[in-house]
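Student: The structure's right below; bear with me while I get my questions together.
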Amino acid sequence: MNQLYIKQKVFSLSGKFTVKNAQGEDVYFVEGSFLQIPKTFTIFNSSRAEVAIITKKVFSFLPTFFVEVDGREMVRIKKEFSFLKARYSIVAEGIEVRGNWFDMNFSIFKHGEVVGKVNKEWFTWGDSYKVEVLDEQLEKLIIALVVAIDCVKADNAAAASAAT
């Protein structure tokens, strides 16, 4: 099992942050596109090779995010039509997210077995998440999924503040 930590910098315009291991070493680097359409977040490994990319689909009625890992689309997060509360669906072959992912406290399942857990760390400056990877073969997918869910949350918050 690997424990990874994601800590986003508050007030970062470009959306750059790192994913660290339990020893505090940088394992992944996440870089967001700034003022670019479509909005993307690219995840690089410690060798700076691209391992995943999250893209927000442009020109769609309801926001949709695509997650590619190693050049293959693995996950799609789509906003569902709803009047009262924002609802999203996560579509991925064999992957399921259970828990409160808007509060960043959830488990990731593959074919019914827990492969990862995410918990928000409280009392920190900026958003910090502890990610437990139980199936190391899915580490890149789990990190990409956590970053994508955080993108969805940020997009939802921006849309809500723009509406007021």
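Chain labels A, B, ... are given in the sequence in which chains occur in the structure tokens; within each chain residues are numbered consecutively from 1, and ligands are likewise numbered from 1 in the order shown.
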Find the spatial neighbours of Trp101 of chain A, counting only C-alpha atoms, within a cut-off of 9 Å - ignore same-chain residues fewer than 3 positions away - and output them as a VMD selection string.

Tutor: chain A and resid 97 to 98 104 to 107 118 149 to 150

Student: Go through chain A and collect every residue that DSSP, computed from the backbone, puts in alpha helix (DSSP H); the answer should be as a ChimeraX atom specification.

Tutor: /A:139-163

Student: Would you put the residues from that selection into a file with N, CA, C and O atoms, as a CSV table (one decimal), in the first residue's frame?

Tutor:
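Done, and the output landed in result.csv:
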```csv
chain,number,residue,atom,x,y,z
A,139,GLU,N,-2.3,3.0,-9.4
A,139,GLU,CA,-1.9,4.3,-8.8
A,139,GLU,C,-2.1,5.5,-9.6
A,139,GLU,O,-2.7,6.5,-9.2
A,140,LYS,N,-1.7,5.5,-10.9
A,140,LYS,CA,-1.9,6.6,-11.8
A,140,LYS,C,-3.3,6.9,-12.0
A,140,LYS,O,-3.7,8.1,-12.0
A,141,LEU,N,-4.1,5.9,-12.2
A,141,LEU,CA,-5.6,6.1,-12.4
A,141,LEU,C,-6.2,6.7,-11.1
A,141,LEU,O,-7.0,7.7,-11.2
A,142,ILE,N,-5.8,6.3,-10.0
A,142,ILE,CA,-6.4,6.8,-8.7
A,142,ILE,C,-6.0,8.3,-8.5
A,142,ILE,O,-6.9,9.1,-8.2
A,143,ILE,N,-4.8,8.6,-8.8
A,143,ILE,CA,-4.3,10.0,-8.6
A,143,ILE,C,-5.1,10.9,-9.7
A,143,ILE,O,-5.5,12.0,-9.3
A,144,ALA,N,-5.2,10.4,-10.9
A,144,ALA,CA,-5.9,11.1,-11.9
A,144,ALA,C,-7.3,11.3,-11.6
A,144,ALA,O,-7.9,12.4,-11.8
A,145,LEU,N,-8.0,10.3,-11.0
A,145,LEU,CA,-9.4,10.4,-10.6
A,145,LEU,C,-9.5,11.4,-9.5
A,145,LEU,O,-10.5,12.3,-9.5
A,146,VAL,N,-8.6,11.5,-8.5
A,146,VAL,CA,-8.7,12.4,-7.4
A,146,VAL,C,-8.6,13.9,-8.0
A,146,VAL,O,-9.3,14.8,-7.6
A,147,VAL,N,-7.6,14.1,-8.9
A,147,VAL,CA,-7.4,15.4,-9.5
A,147,VAL,C,-8.6,15.8,-10.3
A,147,VAL,O,-9.1,16.9,-10.2
A,148,ALA,N,-9.2,14.8,-11.0
A,148,ALA,CA,-10.4,15.1,-11.8
A,148,ALA,C,-11.6,15.5,-11.0
A,148,ALA,O,-12.3,16.5,-11.3
A,149,ILE,N,-11.8,14.8,-9.9
A,149,ILE,CA,-12.9,15.1,-9.0
A,149,ILE,C,-12.7,16.5,-8.4
A,149,ILE,O,-13.6,17.3,-8.2
A,150,ASP,N,-11.4,16.8,-8.0
A,150,ASP,CA,-11.1,18.2,-7.5
A,150,ASP,C,-11.4,19.2,-8.6
A,150,ASP,O,-11.9,20.3,-8.3
A,151,CYS,N,-11.1,18.9,-9.8
A,151,CYS,CA,-11.4,19.9,-11.0
A,151,CYS,C,-12.9,20.1,-11.1
A,151,CYS,O,-13.4,21.2,-11.3
A,152,VAL,N,-13.7,19.0,-11.0
A,152,VAL,CA,-15.2,19.1,-11.0
A,152,VAL,C,-15.7,20.0,-9.9
A,152,VAL,O,-16.5,20.9,-10.1
A,153,LYS,N,-15.1,19.8,-8.7
A,153,LYS,CA,-15.6,20.6,-7.5
A,153,LYS,C,-15.2,22.1,-7.8
A,153,LYS,O,-16.1,23.0,-7.5
A,154,ALA,N,-14.0,22.4,-8.3
A,154,ALA,CA,-13.6,23.8,-8.5
A,154,ALA,C,-14.5,24.4,-9.6
A,154,ALA,O,-14.9,25.6,-9.5
A,155,ASP,N,-14.8,23.6,-10.7
A,155,ASP,CA,-15.6,24.1,-11.8
A,155,ASP,C,-17.1,24.4,-11.2
A,155,ASP,O,-17.7,25.4,-11.6
A,156,ASN,N,-17.6,23.5,-10.4
A,156,ASN,CA,-18.9,23.7,-9.8
A,156,ASN,C,-19.0,25.0,-8.9
A,156,ASN,O,-19.9,25.7,-9.0
A,157,ALA,N,-17.9,25.2,-8.1
A,157,ALA,CA,-17.8,26.3,-7.3
A,157,ALA,C,-17.7,27.6,-8.1
A,157,ALA,O,-18.4,28.6,-7.8
A,158,ALA,N,-17.0,27.6,-9.2
A,158,ALA,CA,-16.9,28.8,-10.0
A,158,ALA,C,-18.2,29.1,-10.7
A,158,ALA,O,-18.6,30.3,-10.8
A,159,ALA,N,-18.9,28.1,-11.2
A,159,ALA,CA,-20.2,28.3,-11.8
A,159,ALA,C,-21.2,28.8,-10.8
A,159,ALA,O,-22.0,29.7,-11.1
A,160,ALA,N,-21.2,28.3,-9.6
A,160,ALA,CA,-22.1,28.8,-8.5
A,160,ALA,C,-21.8,30.3,-8.2
A,160,ALA,O,-22.7,31.1,-8.0
A,161,SER,N,-20.5,30.6,-8.1
A,161,SER,CA,-20.2,32.0,-7.7
A,161,SER,C,-20.5,33.0,-8.9
A,161,SER,O,-20.8,34.1,-8.7
A,162,ALA,N,-20.4,32.5,-10.1
A,162,ALA,CA,-20.7,33.3,-11.3
A,162,ALA,C,-22.2,33.5,-11.4
A,162,ALA,O,-22.7,34.6,-11.9
A,163,ALA,N,-23.0,32.6,-10.9
A,163,ALA,CA,-24.5,32.7,-11.0
A,163,ALA,C,-25.0,33.7,-9.9
A,163,ALA,O,-26.2,34.1,-10.1
```

Student: Counting only C-alpha atoms, what is within 10 Å of segment 50-59 of chain A, bar same-chain residues fewer than 6 positions away, as a ChimeraX atom specification?

Tutor: /A:28-33,37-44,65-78,140-141,143-145,147-149,151-152,155

Student: What's the separation between atom CA of Trp122 of chain A and atom CA of Phe102 of chain A, in Å to one decimal place?

Tutor: 14.4 Å

Student: Please identify which residues in chain A DSSP calls strand (DSSP E or B) from the backbone, and express them as a PyMOL selection string.

Tutor: chain A and resi 2-7+17-21+26-32+40-45+50-56+64-69+72-80+87-92+95-100+105-110+113-121+128-133

Student: In terms of the shortest atom-to-atom distance over only C-alpha atoms, which of A:Lys7, A:Lys79, A:Lys117, A:Arg48 is closest to Val133 of chain A?

Tutor: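 With only C-alpha atoms as the atom set, the closest residue is A:Lys117.
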
Student: I'd like the interatomic distance between atom CA of Thr18 of chain A and atom CA of Tyr5 of chain A, to a tenth of an Å.

Tutor: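 Separation between atom CA of Thr18 of chain A and atom CA of Tyr5 of chain A: 8.4 Å.
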
Student: For Ser128 of chain A, find every residue with an atom within 7 Å (counting only C-alpha atoms), except residues of its own chain fewer than 6 positions away, and show them as a list of chain:residue names.

Tutor: A:Ile6, A:Lys7, A:Gln8, A:Lys120, A:Glu121

Student: Just give me the gap between atom CA of Leu138 of chain A and atom CA of Gly24 of chain A in Å, one decimal is fine.

Tutor: 20.8 Å
